[in-house]
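Following: one structure in structure tokens, then a few remarks.
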Amino acid sequence: MPEASEKLLAENAAYRLTTHRLVQGETEVCAAAQALEYRENGQEVRRVEFPPPPAGCAGYRGSIPVLTAAYALAIKELFENESEAGLLAGANWSTVWTRDIAYAAALGGALAAPEAVRRSLESRVRDGVILQDTGTGGGWPVSTDRVSWALGAWSYIKLTGDAQWSAWAADVILATLKEDERVLPSMETNPLRSGETSFLDWRMQSYPDGMSIADIGASYAFGTNVLHAIARHIVSLLLRQQGRKAEAEKLHAESAALAAAIQKHFYMEGPGQYGMMLTADGHLDERTDSLATALAVLCGVAGEHGARAMKKLPRSPWGTPVFAPYKASVKDAYHNRAVWPFVEAFVMLAHAELQDTAGASFSLSSLLRAALAFGTHKENFNAESGRAEDTLLNSDRQLWSDCGMLGAVYHGLFGLQFQQKNLFISPCVPKEYAGSHWLTGLRVRGMVLDIHLHGYGTEIAAVTVNGKPGSSLIPLETEGHLHIEIELMPIDEEEEAAPAFPAATEDLPTPCWDAPTRERLSWRPEEGAESYCIYRDGRAFATTFDCHRSLDVADTRYHTYAVQATGQGRSSCLSVPFECAPEGAGYTLAPARIGAEAEYTVEHGQAWLDTQPHTARLDYEEATLPAGTYRLRIHYTNATASERDGDTCAIRELFLDGASAGIIALPHNTEAGQWDADALTAALTLTIPEGKHTFSLRYTERCVNANRELNQCMARALQLTRIS
């Protein structure tokens, strides 16, 4: 292929990217044949080389050397990430992660390394259910995004058509959803699925400071709910293929109900965006989640709102931050203030799905800039500096970053889509990336494809298959070697204006209470705040320019209040809730007996609970209560591991008067070993008749956690608050 003349791909205050080189500060990176050359002040300082793709793996070449180089680098690193056991992990990670392999497979891993993807997906199944990655508070059920596994499985199934593996995967997904039903709310009463945001699992980086880990587990994340909708849709398709019609229809209905609930609770008509998270009391955190928005577009959940929501995603000069605004209280970058290339890749694919070439160009340039600047596909980088060393944790050749680059080529530029029994080629080539693009040796079932794109745009002018007029819709039953030529026809020859994405900013500091009472709310002023919005029971209640608000003393109902700072077009997260309860509405019950036969008495007002028979039950003092609706919470500690890690979130079943009254999660709430710390579980709402009542926490078959064995906590007082 003759050397093309150098053209500009992207330029801003941060960097300049052309078809042949990246210029960033004093550094120049040039794309040469099978290498990247790094120069400082004109002198070569290092060189990163990469071999041709291994036999059986698709190759890419084109008239844009930097893209050819970034693809070759991704292929090289993808296979370097394969362990001796044939599993895909990463430079800094010795084991497979569920969400990592799922997202990586969906982006491009399944097309590039199908057998390694299959083995890796299988390694994340135990006892017939998907393993939840470690996460905030000890993983499942605070983290519930393990259903992302369905994305990876679906990518492998579409590519291979393996009916036996498909049937097995369907049963795995079904068993996982059934296990979720043990502890998550019933879909009949609430279609939304609780659990933290997917992959944003460092709560201090992304969640409001006022939310406890237990509160996070009881909240509803936009992205995690999209994943649950996707998983149900996928398994309904798999079941239908197997003739299991009744099961398929049930799961399809659940997916549709969940998609409708997502639109109802997360989409904000005014700003045209989706909120990031819904608290248990119904307050929507209005920050944007880039991965969630992109996935909602790609799976069809966003519908008519998708194009507007994508154009509203805040950007930095370096790319699309994973969420925005950034948290003002956290200056470090990891999830906060960071761009993750795998998320950027999904953002590009969403733009391509919407045939938005300008948006796709922005994301592709961000991916290329990062790959060239670092000489590896990094895990993440700082959204404010563009540097990888300015983050708390990072990794070279991160699996999903490598696959993100591959996906940008496979599913972005070339637009490879599996639709029922066909492979559909729907290219999206931004004008800046016009030219020739070759994808060669791509194996799909019984076919080997060589695809040549020429031109730019999203409209196809002509297709030839093995030299004859053909179609961009290729039946998957086709066999043999196909040479496909596609000529693109741009719709608009005029110069496109640069996309006017909103700039990512920092939120305002969160207000702190200043000795509020039932008669008067008061809080400390925050820099940048022009007014304050007061929320009552999760809903906006009043706005004031002061730092105080009088309450109606005649109102004897139970309320929770929170305050939010607003100003200069920005706002803060909500403060820690202030509970305003009528006098005499609170009841505290002390632990009384441990064990089914009261084998142990309680000492110092606390009881050690684990899965052993003699510690698997805790009875509280008997209580005489008036009739009403109550919020019930447990004072506890779980210091088994760090609050941001592990798989040992404790789970217990609550019994009221000997009958099951619900499941309570007791997640890690401190650092490992700090058993003196105290926290409250998320609240259960119970309707209790007048009279004497007994309460107990028990370890039952419904309480098996992600660890399967270690399930322990220190339980203290039971707190009841009569709210009506």
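Quick note on naming: the chains in the structure tokens go A, B, ... in the order shown, residues restart at 1 in each chain, and ligands are numbered from 1 in order of appearance.
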
Inset, instruction - Name the residues of region 164-242 of chain A that come out as alpha helix (DSSP H) in a backbone DSSP run; write them as a PyMOL selection string. - result: chain A and resi 164-180+203-206+213-218+222-241

Go ahead and dump the residues you just picked, C-alpha atoms, as a tab-separated table (two decimals), in the first residue's frame.
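Done, and the output landed in again-v8.tsv:
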```
chain	number	residue	atom	x	y	z
A	164	GLN	CA	-24.12	-26.77	23.39
A	165	TRP	CA	-22.19	-23.93	24.99
A	166	SER	CA	-25.13	-21.62	24.40
A	167	ALA	CA	-27.45	-23.95	26.35
A	168	TRP	CA	-24.96	-24.13	29.20
A	169	ALA	CA	-24.55	-20.33	29.27
A	170	ALA	CA	-28.33	-19.85	29.38
A	171	ASP	CA	-28.57	-22.09	32.45
A	172	VAL	CA	-25.71	-20.21	34.12
A	173	ILE	CA	-27.37	-16.84	33.58
A	174	LEU	CA	-30.73	-18.18	34.77
A	175	ALA	CA	-29.19	-19.67	37.92
A	176	THR	CA	-27.45	-16.38	38.64
A	177	LEU	CA	-30.65	-14.37	38.27
A	178	LYS	CA	-32.41	-16.85	40.55
A	179	GLU	CA	-29.69	-16.45	43.17
A	180	ASP	CA	-30.09	-12.67	42.97
A	203	ARG	CA	-17.12	4.20	46.81
A	204	MET	CA	-15.00	7.13	48.00
A	205	GLN	CA	-14.10	7.94	44.39
A	206	SER	CA	-17.60	8.13	42.97
A	213	ILE	CA	-21.70	1.46	52.13
A	214	ALA	CA	-24.96	-0.10	53.26
A	215	ASP	CA	-26.81	2.80	51.57
A	216	ILE	CA	-24.88	2.13	48.36
A	217	GLY	CA	-25.94	-1.51	48.42
A	218	ALA	CA	-29.58	-0.46	48.76
A	222	PHE	CA	-28.19	3.30	36.12
A	223	GLY	CA	-25.45	1.19	34.52
A	224	THR	CA	-26.02	-1.89	36.65
A	225	ASN	CA	-29.72	-1.80	35.81
A	226	VAL	CA	-28.89	-1.57	32.11
A	227	LEU	CA	-26.75	-4.69	32.53
A	228	HIS	CA	-29.61	-6.54	34.23
A	229	ALA	CA	-31.91	-5.59	31.35
A	230	ILE	CA	-29.30	-6.77	28.82
A	231	ALA	CA	-28.76	-10.08	30.64
A	232	ARG	CA	-32.48	-10.84	30.68
A	233	HIS	CA	-32.81	-9.97	27.00
A	234	ILE	CA	-29.86	-12.16	26.06
A	235	VAL	CA	-31.03	-15.17	28.04
A	236	SER	CA	-34.53	-14.80	26.58
A	237	LEU	CA	-33.00	-15.07	23.09
A	238	LEU	CA	-30.95	-18.12	24.10
A	239	LEU	CA	-33.98	-19.82	25.63
A	240	ARG	CA	-36.07	-19.12	22.54
A	241	GLN	CA	-33.40	-20.80	20.39
```

Inset, instruction - Fewer than 2 positions away in the same chain doesn't count, so skip those; otherwise give me all residues within 8 Å of Cys57 (chain A), counting only C-alpha atoms, as a ChimeraX atom specification. - result: /A:53-55,59,112-113,441-443

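Residues in contact with region 547-554 of chain A at up to 7 Å, not including ones fewer than 2 positions away on its chain and judged by only C-alpha atoms, are Arg518, Glu519, Arg520, Leu521, Ser522, Trp523, Arg524, Pro525, Phe545 and Thr556 of chain A.
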
Quick one: write out the picked residues with C-alpha atoms as an mmCIF file, in the first residue's frame?
```cif
data_model
loop_
_atom_site.group_PDB
_atom_site.id
_atom_site.type_symbol
_atom_site.label_atom_id
_atom_site.label_comp_id
_atom_site.auth_asym_id
_atom_site.auth_seq_id
_atom_site.Cartn_x
_atom_site.Cartn_y
_atom_site.Cartn_z
ATOM 1 C CA ARG A 518 -36.381 19.233 64.839
ATOM 2 C CA GLU A 519 -37.176 22.959 64.902
ATOM 3 C CA ARG A 520 -34.352 24.331 62.745
ATOM 4 C CA LEU A 521 -31.999 22.983 60.096
ATOM 5 C CA SER A 522 -28.572 24.587 59.916
ATOM 6 C CA TRP A 523 -25.420 23.864 57.951
ATOM 7 C CA ARG A 524 -22.022 25.376 57.238
ATOM 8 C CA PRO A 525 -21.542 27.591 54.163
ATOM 9 C CA PHE A 545 -29.882 31.677 50.169
ATOM 10 C CA THR A 556 -45.078 15.362 63.872
#
```

Inset, instruction - With a distance cut-off of 12 Å and only C-alpha atoms, select the neighbouring residues of Asn422 (chain A), excluding the residue or stretch itself and same-chain residues fewer than 3 positions from it, and output the selection as JSON, numbers by chain. - result: {"A": [158, 159, 161, 416, 417, 418, 419, 425, 444, 445, 471, 472, 473, 474, 475, 476, 477, 478]}

Legend entry - Nearest to Arg315 (chain A) by atom-to-atom distance, counting only C-alpha atoms, from A:Thr517, A:Thr464, A:Ser531, A:Ser366: A:Ser366

Legend entry - CA of Leu589 (chain A) to CA of His635 (chain A), distance in Å rounded to a single decimal: 10.4 Å

Inset, instruction - Would you mind telling me which residue in A:Thr440, A:Ser94, A:Asn12, A:Thr685 lies nearest to Asn81 (chain A) when using only C-alpha atoms? - result: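 Nearest to Asn81 (chain A): A:Ser94.
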
Can you list, as a PDB file with N, CA and C atoms, in the first residue's frame, every residue of region 624-717 of chain A that DSSP puts in strand (DSSP E or B)?
```pdb
ATOM      1  N   THR A 624     -42.450  -4.217  73.162  1.00  0.00           N
ATOM      2  CA  THR A 624     -43.872  -3.890  73.083  1.00  0.00           C
ATOM      3  C   THR A 624     -43.997  -2.618  72.255  1.00  0.00           C
ATOM      4  N   LEU A 625     -44.692  -2.720  71.115  1.00  0.00           N
ATOM      5  CA  LEU A 625     -44.716  -1.629  70.147  1.00  0.00           C
ATOM      6  C   LEU A 625     -46.136  -1.240  69.786  1.00  0.00           C
ATOM      7  N   GLY A 628     -47.859   0.379  63.528  1.00  0.00           N
ATOM      8  CA  GLY A 628     -47.324   1.392  62.627  1.00  0.00           C
ATOM      9  C   GLY A 628     -46.352   0.819  61.617  1.00  0.00           C
ATOM     10  N   THR A 629     -45.830   1.725  60.798  1.00  0.00           N
ATOM     11  CA  THR A 629     -44.780   1.385  59.839  1.00  0.00           C
ATOM     12  C   THR A 629     -43.442   1.808  60.428  1.00  0.00           C
ATOM     13  N   TYR A 630     -42.473   0.909  60.355  1.00  0.00           N
ATOM     14  CA  TYR A 630     -41.187   1.132  61.020  1.00  0.00           C
ATOM     15  C   TYR A 630     -40.025   0.981  60.037  1.00  0.00           C
ATOM     16  N   ARG A 631     -38.978   1.754  60.312  1.00  0.00           N
ATOM     17  CA  ARG A 631     -37.682   1.534  59.663  1.00  0.00           C
ATOM     18  C   ARG A 631     -36.820   0.760  60.645  1.00  0.00           C
ATOM     19  N   LEU A 632     -36.286  -0.381  60.205  1.00  0.00           N
ATOM     20  CA  LEU A 632     -35.470  -1.232  61.079  1.00  0.00           C
ATOM     21  C   LEU A 632     -34.046  -1.280  60.551  1.00  0.00           C
ATOM     22  N   ARG A 633     -33.097  -1.007  61.427  1.00  0.00           N
ATOM     23  CA  ARG A 633     -31.678  -1.085  61.076  1.00  0.00           C
ATOM     24  C   ARG A 633     -30.901  -1.760  62.200  1.00  0.00           C
ATOM     25  N   ILE A 634     -29.777  -2.341  61.842  1.00  0.00           N
ATOM     26  CA  ILE A 634     -28.926  -3.040  62.807  1.00  0.00           C
ATOM     27  C   ILE A 634     -27.613  -2.290  62.945  1.00  0.00           C
ATOM     28  N   HIS A 635     -27.200  -2.016  64.170  1.00  0.00           N
ATOM     29  CA  HIS A 635     -25.841  -1.545  64.418  1.00  0.00           C
ATOM     30  C   HIS A 635     -24.901  -2.754  64.297  1.00  0.00           C
ATOM     31  N   TYR A 636     -23.824  -2.617  63.548  1.00  0.00           N
ATOM     32  CA  TYR A 636     -22.965  -3.778  63.301  1.00  0.00           C
ATOM     33  C   TYR A 636     -21.558  -3.324  62.905  1.00  0.00           C
ATOM     34  N   THR A 637     -20.664  -4.294  62.819  1.00  0.00           N
ATOM     35  CA  THR A 637     -19.346  -4.096  62.217  1.00  0.00           C
ATOM     36  C   THR A 637     -18.999  -5.329  61.391  1.00  0.00           C
ATOM     37  N   ALA A 650     -21.467  -9.828  54.714  1.00  0.00           N
ATOM     38  CA  ALA A 650     -22.301 -10.739  55.498  1.00  0.00           C
ATOM     39  C   ALA A 650     -23.773 -10.546  55.125  1.00  0.00           C
ATOM     40  N   ILE A 651     -24.531 -11.622  55.207  1.00  0.00           N
ATOM     41  CA  ILE A 651     -25.957 -11.590  54.895  1.00  0.00           C
ATOM     42  C   ILE A 651     -26.703 -12.342  55.999  1.00  0.00           C
ATOM     43  N   ARG A 652     -27.808 -11.776  56.477  1.00  0.00           N
ATOM     44  CA  ARG A 652     -28.633 -12.439  57.468  1.00  0.00           C
ATOM     45  C   ARG A 652     -30.113 -12.244  57.126  1.00  0.00           C
ATOM     46  N   GLU A 653     -30.914 -13.204  57.552  1.00  0.00           N
ATOM     47  CA  GLU A 653     -32.352 -13.100  57.377  1.00  0.00           C
ATOM     48  C   GLU A 653     -32.968 -12.618  58.687  1.00  0.00           C
ATOM     49  N   LEU A 654     -33.840 -11.629  58.588  1.00  0.00           N
ATOM     50  CA  LEU A 654     -34.518 -11.094  59.761  1.00  0.00           C
ATOM     51  C   LEU A 654     -35.839 -11.828  59.965  1.00  0.00           C
ATOM     52  N   PHE A 655     -36.096 -12.210  61.203  1.00  0.00           N
ATOM     53  CA  PHE A 655     -37.364 -12.853  61.550  1.00  0.00           C
ATOM     54  C   PHE A 655     -38.110 -11.979  62.552  1.00  0.00           C
ATOM     55  N   LEU A 656     -39.373 -11.735  62.268  1.00  0.00           N
ATOM     56  CA  LEU A 656     -40.268 -10.990  63.148  1.00  0.00           C
ATOM     57  C   LEU A 656     -41.349 -11.947  63.635  1.00  0.00           C
ATOM     58  N   ALA A 659     -41.430 -15.294  61.836  1.00  0.00           N
ATOM     59  CA  ALA A 659     -41.660 -15.346  60.387  1.00  0.00           C
ATOM     60  C   ALA A 659     -40.641 -14.464  59.667  1.00  0.00           C
ATOM     61  N   SER A 660     -40.225 -14.909  58.486  1.00  0.00           N
ATOM     62  CA  SER A 660     -39.239 -14.141  57.731  1.00  0.00           C
ATOM     63  C   SER A 660     -39.785 -12.763  57.385  1.00  0.00           C
ATOM     64  N   ALA A 661     -38.950 -11.736  57.619  1.00  0.00           N
ATOM     65  CA  ALA A 661     -39.355 -10.354  57.341  1.00  0.00           C
ATOM     66  C   ALA A 661     -38.426  -9.670  56.353  1.00  0.00           C
ATOM     67  N   GLY A 662     -37.436 -10.395  55.815  1.00  0.00           N
ATOM     68  CA  GLY A 662     -36.549  -9.790  54.825  1.00  0.00           C
ATOM     69  C   GLY A 662     -35.097 -10.170  55.024  1.00  0.00           C
ATOM     70  N   ILE A 663     -34.293  -9.795  54.045  1.00  0.00           N
ATOM     71  CA  ILE A 663     -32.848 -10.054  54.067  1.00  0.00           C
ATOM     72  C   ILE A 663     -32.107  -8.764  54.386  1.00  0.00           C
ATOM     73  N   ILE A 664     -31.091  -8.864  55.224  1.00  0.00           N
ATOM     74  CA  ILE A 664     -30.280  -7.706  55.591  1.00  0.00           C
ATOM     75  C   ILE A 664     -28.825  -7.974  55.197  1.00  0.00           C
ATOM     76  N   ALA A 665     -28.248  -7.044  54.439  1.00  0.00           N
ATOM     77  CA  ALA A 665     -26.828  -7.116  54.098  1.00  0.00           C
ATOM     78  C   ALA A 665     -26.033  -6.333  55.125  1.00  0.00           C
ATOM     79  N   LEU A 666     -24.904  -6.908  55.544  1.00  0.00           N
ATOM     80  CA  LEU A 666     -24.016  -6.261  56.518  1.00  0.00           C
ATOM     81  C   LEU A 666     -22.620  -6.175  55.894  1.00  0.00           C
ATOM     82  N   ALA A 679     -21.478   0.810  62.406  1.00  0.00           N
ATOM     83  CA  ALA A 679     -22.227   1.280  61.242  1.00  0.00           C
ATOM     84  C   ALA A 679     -23.662   0.808  61.365  1.00  0.00           C
ATOM     85  N   LEU A 680     -24.508   1.353  60.512  1.00  0.00           N
ATOM     86  CA  LEU A 680     -25.900   0.926  60.440  1.00  0.00           C
ATOM     87  C   LEU A 680     -26.158   0.269  59.094  1.00  0.00           C
ATOM     88  N   LEU A 684     -34.814  -1.678  56.580  1.00  0.00           N
ATOM     89  CA  LEU A 684     -35.966  -2.454  56.129  1.00  0.00           C
ATOM     90  C   LEU A 684     -37.226  -1.730  56.597  1.00  0.00           C
ATOM     91  N   THR A 685     -38.229  -1.648  55.747  1.00  0.00           N
ATOM     92  CA  THR A 685     -39.493  -1.033  56.135  1.00  0.00           C
ATOM     93  C   THR A 685     -40.498  -2.134  56.452  1.00  0.00           C
ATOM     94  N   LEU A 686     -41.021  -2.113  57.668  1.00  0.00           N
ATOM     95  CA  LEU A 686     -41.924  -3.163  58.139  1.00  0.00           C
ATOM     96  C   LEU A 686     -43.212  -2.554  58.682  1.00  0.00           C
ATOM     97  N   THR A 687     -44.312  -3.224  58.439  1.00  0.00           N
ATOM     98  CA  THR A 687     -45.579  -2.862  59.068  1.00  0.00           C
ATOM     99  C   THR A 687     -45.806  -3.822  60.239  1.00  0.00           C
ATOM    100  N   ILE A 688     -45.905  -3.270  61.446  1.00  0.00           N
ATOM    101  CA  ILE A 688     -45.944  -4.088  62.659  1.00  0.00           C
ATOM    102  C   ILE A 688     -47.220  -3.784  63.430  1.00  0.00           C
ATOM    103  N   GLY A 691     -48.520  -4.612  69.980  1.00  0.00           N
ATOM    104  CA  GLY A 691     -48.326  -5.740  70.873  1.00  0.00           C
ATOM    105  C   GLY A 691     -46.868  -6.065  71.119  1.00  0.00           C
ATOM    106  N   LYS A 692     -46.637  -7.241  71.727  1.00  0.00           N
ATOM    107  CA  LYS A 692     -45.288  -7.703  72.009  1.00  0.00           C
ATOM    108  C   LYS A 692     -44.731  -8.424  70.782  1.00  0.00           C
ATOM    109  N   HIS A 693     -43.437  -8.181  70.511  1.00  0.00           N
ATOM    110  CA  HIS A 693     -42.837  -8.747  69.309  1.00  0.00           C
ATOM    111  C   HIS A 693     -41.416  -9.207  69.587  1.00  0.00           C
ATOM    112  N   PHE A 695     -37.668 -10.248  67.640  1.00  0.00           N
ATOM    113  CA  PHE A 695     -36.845 -10.060  66.448  1.00  0.00           C
ATOM    114  C   PHE A 695     -35.608 -10.944  66.562  1.00  0.00           C
ATOM    115  N   SER A 696     -35.205 -11.543  65.462  1.00  0.00           N
ATOM    116  CA  SER A 696     -33.955 -12.319  65.473  1.00  0.00           C
ATOM    117  C   SER A 696     -33.292 -12.245  64.114  1.00  0.00           C
ATOM    118  N   LEU A 697     -31.965 -12.322  64.133  1.00  0.00           N
ATOM    119  CA  LEU A 697     -31.151 -12.444  62.920  1.00  0.00           C
ATOM    120  C   LEU A 697     -30.695 -13.886  62.820  1.00  0.00           C
ATOM    121  N   ARG A 698     -30.878 -14.502  61.651  1.00  0.00           N
ATOM    122  CA  ARG A 698     -30.500 -15.905  61.506  1.00  0.00           C
ATOM    123  C   ARG A 698     -29.740 -16.113  60.206  1.00  0.00           C
ATOM    124  N   CYS A 713     -19.872 -11.252  61.084  1.00  0.00           N
ATOM    125  CA  CYS A 713     -20.005  -9.852  61.460  1.00  0.00           C
ATOM    126  C   CYS A 713     -20.173  -9.765  62.977  1.00  0.00           C
ATOM    127  N   MET A 714     -20.059  -8.555  63.488  1.00  0.00           N
ATOM    128  CA  MET A 714     -20.347  -8.275  64.894  1.00  0.00           C
ATOM    129  C   MET A 714     -21.648  -7.481  64.935  1.00  0.00           C
ATOM    130  N   ALA A 715     -22.698  -8.061  65.523  1.00  0.00           N
ATOM    131  CA  ALA A 715     -23.999  -7.398  65.575  1.00  0.00           C
ATOM    132  C   ALA A 715     -24.201  -6.750  66.934  1.00  0.00           C
ATOM    133  N   ARG A 716     -24.805  -5.568  66.904  1.00  0.00           N
ATOM    134  CA  ARG A 716     -25.084  -4.847  68.149  1.00  0.00           C
ATOM    135  C   ARG A 716     -26.586  -4.538  68.210  1.00  0.00           C
ATOM    136  N   ALA A 717     -26.945  -3.355  68.602  1.00  0.00           N
ATOM    137  CA  ALA A 717     -28.350  -3.035  68.860  1.00  0.00           C
ATOM    138  C   ALA A 717     -29.190  -3.043  67.585  1.00  0.00           C
TER     139      ALA A 717
END
```

Inset, instruction - Name all residues at most 8 Å from Ala338 (chain A) (count only C-alpha atoms; drop same-chain ones fewer than 4 positions away) and give them as JSON, numbers by chain. - result: {"A": [321, 322, 333, 334, 380, 381, 382, 383, 384, 391]}

Inset, instruction - For region 566-577 of chain A, work out the shell of residues within 10 Å, counting only C-alpha atoms and skipping chain neighbours fewer than 5 positions away, then give it as a VMD selection string. - result: chain A and resid 207 to 212 283 285 to 287 325 327 to 328 505 to 513 523 526 to 538 543 545 559 to 561

Emit the selected residues as a CSV table (one decimal), in the first residue's frame, including N, CA and C atoms.
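The resulting file, selection.csv, is shown below:
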```csv
chain,number,residue,atom,x,y,z
A,207,TYR,N,-19.1,7.8,44.9
A,207,TYR,CA,-20.4,8.0,45.6
A,207,TYR,C,-20.3,9.2,46.5
A,208,PRO,N,-21.5,9.8,46.8
A,208,PRO,CA,-21.5,10.9,47.7
A,208,PRO,C,-21.0,10.5,49.1
A,209,ASP,N,-20.2,11.4,49.7
A,209,ASP,CA,-19.6,11.1,51.0
A,209,ASP,C,-20.7,10.8,52.0
A,210,GLY,N,-21.9,11.3,51.8
A,210,GLY,CA,-22.9,11.1,52.8
A,210,GLY,C,-23.6,9.8,52.8
A,211,MET,N,-23.3,9.0,51.8
A,211,MET,CA,-23.9,7.6,51.7
A,211,MET,C,-22.9,6.6,52.3
A,212,SER,N,-23.5,5.8,53.2
A,212,SER,CA,-22.7,4.7,53.8
A,212,SER,C,-22.7,3.6,52.7
A,283,HIS,N,-34.0,9.7,45.6
A,283,HIS,CA,-33.3,10.9,45.0
A,283,HIS,C,-32.3,10.4,43.9
A,285,ASP,N,-29.1,11.0,41.7
A,285,ASP,CA,-27.8,11.7,41.5
A,285,ASP,C,-27.7,12.0,40.1
A,286,GLU,N,-27.6,13.3,39.7
A,286,GLU,CA,-27.7,13.7,38.4
A,286,GLU,C,-26.4,13.7,37.6
A,287,ARG,N,-25.3,13.2,38.2
A,287,ARG,CA,-24.1,13.1,37.4
A,287,ARG,C,-24.2,12.1,36.3
A,325,PRO,N,-20.1,15.6,36.9
A,325,PRO,CA,-18.9,16.3,37.4
A,325,PRO,C,-18.1,15.4,38.3
A,327,LYS,N,-15.8,14.6,41.7
A,327,LYS,CA,-16.1,14.9,43.1
A,327,LYS,C,-15.1,15.9,43.6
A,328,ALA,N,-15.6,17.0,44.1
A,328,ALA,CA,-14.7,18.0,44.6
A,328,ALA,C,-13.9,17.6,45.8
A,505,THR,N,-16.5,19.3,34.5
A,505,THR,CA,-16.2,20.2,35.6
A,505,THR,C,-16.2,19.5,36.9
A,506,GLU,N,-15.9,20.2,38.0
A,506,GLU,CA,-15.9,19.7,39.3
A,506,GLU,C,-17.2,20.1,40.0
A,507,ASP,N,-17.8,19.2,40.8
A,507,ASP,CA,-19.0,19.6,41.6
A,507,ASP,C,-18.6,20.6,42.7
A,508,LEU,N,-19.6,21.1,43.4
A,508,LEU,CA,-19.4,21.9,44.6
A,508,LEU,C,-19.2,21.0,45.8
A,509,PRO,N,-18.4,21.5,46.8
A,509,PRO,CA,-18.3,20.8,48.0
A,509,PRO,C,-19.6,20.5,48.7
A,510,THR,N,-19.8,19.3,49.3
A,510,THR,CA,-21.0,18.9,49.9
A,510,THR,C,-21.2,19.6,51.3
A,511,PRO,N,-22.3,20.2,51.5
A,511,PRO,CA,-22.5,20.9,52.8
A,511,PRO,C,-22.5,19.9,54.0
A,512,CYS,N,-22.1,20.4,55.1
A,512,CYS,CA,-22.1,19.7,56.4
A,512,CYS,C,-23.0,20.3,57.4
A,513,TRP,N,-23.7,19.5,58.1
A,513,TRP,CA,-24.7,20.0,59.1
A,513,TRP,C,-24.0,20.7,60.2
A,523,TRP,N,-26.6,24.5,58.6
A,523,TRP,CA,-25.4,23.9,58.0
A,523,TRP,C,-24.4,24.9,57.7
A,526,GLU,N,-20.6,26.8,52.1
A,526,GLU,CA,-19.6,26.2,51.2
A,526,GLU,C,-19.2,27.1,50.1
A,527,GLU,N,-17.9,27.1,49.9
A,527,GLU,CA,-17.3,28.0,48.9
A,527,GLU,C,-17.9,27.7,47.5
A,528,GLY,N,-18.3,28.8,46.8
A,528,GLY,CA,-18.9,28.6,45.5
A,528,GLY,C,-20.4,28.5,45.5
A,529,ALA,N,-21.0,28.3,46.7
A,529,ALA,CA,-22.5,28.1,46.8
A,529,ALA,C,-23.2,29.5,46.7
A,530,GLU,N,-24.2,29.5,45.9
A,530,GLU,CA,-25.0,30.7,45.8
A,530,GLU,C,-26.4,30.5,46.5
A,531,SER,N,-26.8,29.3,46.5
A,531,SER,CA,-28.1,29.0,47.2
A,531,SER,C,-28.0,27.5,47.6
A,532,TYR,N,-29.0,27.1,48.4
A,532,TYR,CA,-29.0,25.7,48.9
A,532,TYR,C,-30.4,25.2,48.7
A,533,CYS,N,-30.4,23.9,48.2
A,533,CYS,CA,-31.7,23.2,48.0
A,533,CYS,C,-31.8,22.2,49.1
A,534,ILE,N,-33.0,22.2,49.8
A,534,ILE,CA,-33.2,21.3,50.9
A,534,ILE,C,-34.1,20.2,50.3
A,535,TYR,N,-33.7,19.0,50.6
A,535,TYR,CA,-34.5,17.8,50.2
A,535,TYR,C,-35.2,17.2,51.4
A,536,ARG,N,-36.4,16.8,51.3
A,536,ARG,CA,-37.2,16.1,52.3
A,536,ARG,C,-37.7,14.8,51.8
A,537,ASP,N,-37.3,13.7,52.5
A,537,ASP,CA,-37.7,12.4,52.1
A,537,ASP,C,-37.3,12.1,50.6
A,538,GLY,N,-36.1,12.6,50.2
A,538,GLY,CA,-35.6,12.4,48.9
A,538,GLY,C,-36.1,13.3,47.8
A,543,THR,N,-35.8,26.0,48.7
A,543,THR,CA,-34.5,26.6,48.3
A,543,THR,C,-34.3,27.9,49.2
A,545,PHE,N,-31.2,31.1,50.3
A,545,PHE,CA,-29.9,31.7,50.2
A,545,PHE,C,-29.1,31.7,51.5
A,559,HIS,N,-39.4,12.5,59.0
A,559,HIS,CA,-38.8,13.0,57.8
A,559,HIS,C,-37.3,12.8,57.8
A,560,THR,N,-36.7,12.7,56.6
A,560,THR,CA,-35.3,12.8,56.5
A,560,THR,C,-35.0,14.0,55.7
A,561,TYR,N,-34.0,14.8,56.0
A,561,TYR,CA,-33.6,16.0,55.3
A,561,TYR,C,-32.2,15.9,54.8
```

Inset, instruction - Skip region 669-678 of chain A itself and residues of its chain fewer than 6 positions away, then list as a list in words all residues within 6 Å of it, counting only C-alpha atoms. - result: Tyr636, Thr637, Asn638, Ala639, Thr640, Ala641, Ser642 and Glu643 of chain A

Legend entry - Top pick for closest residue to Tyr38 (chain A), considering A:Leu618, A:Leu372, A:Ala292, A:Ile486 and counting only C-alpha atoms: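 Checking each candidate against Tyr38 (chain A), we get A:Leu372 as the closest.
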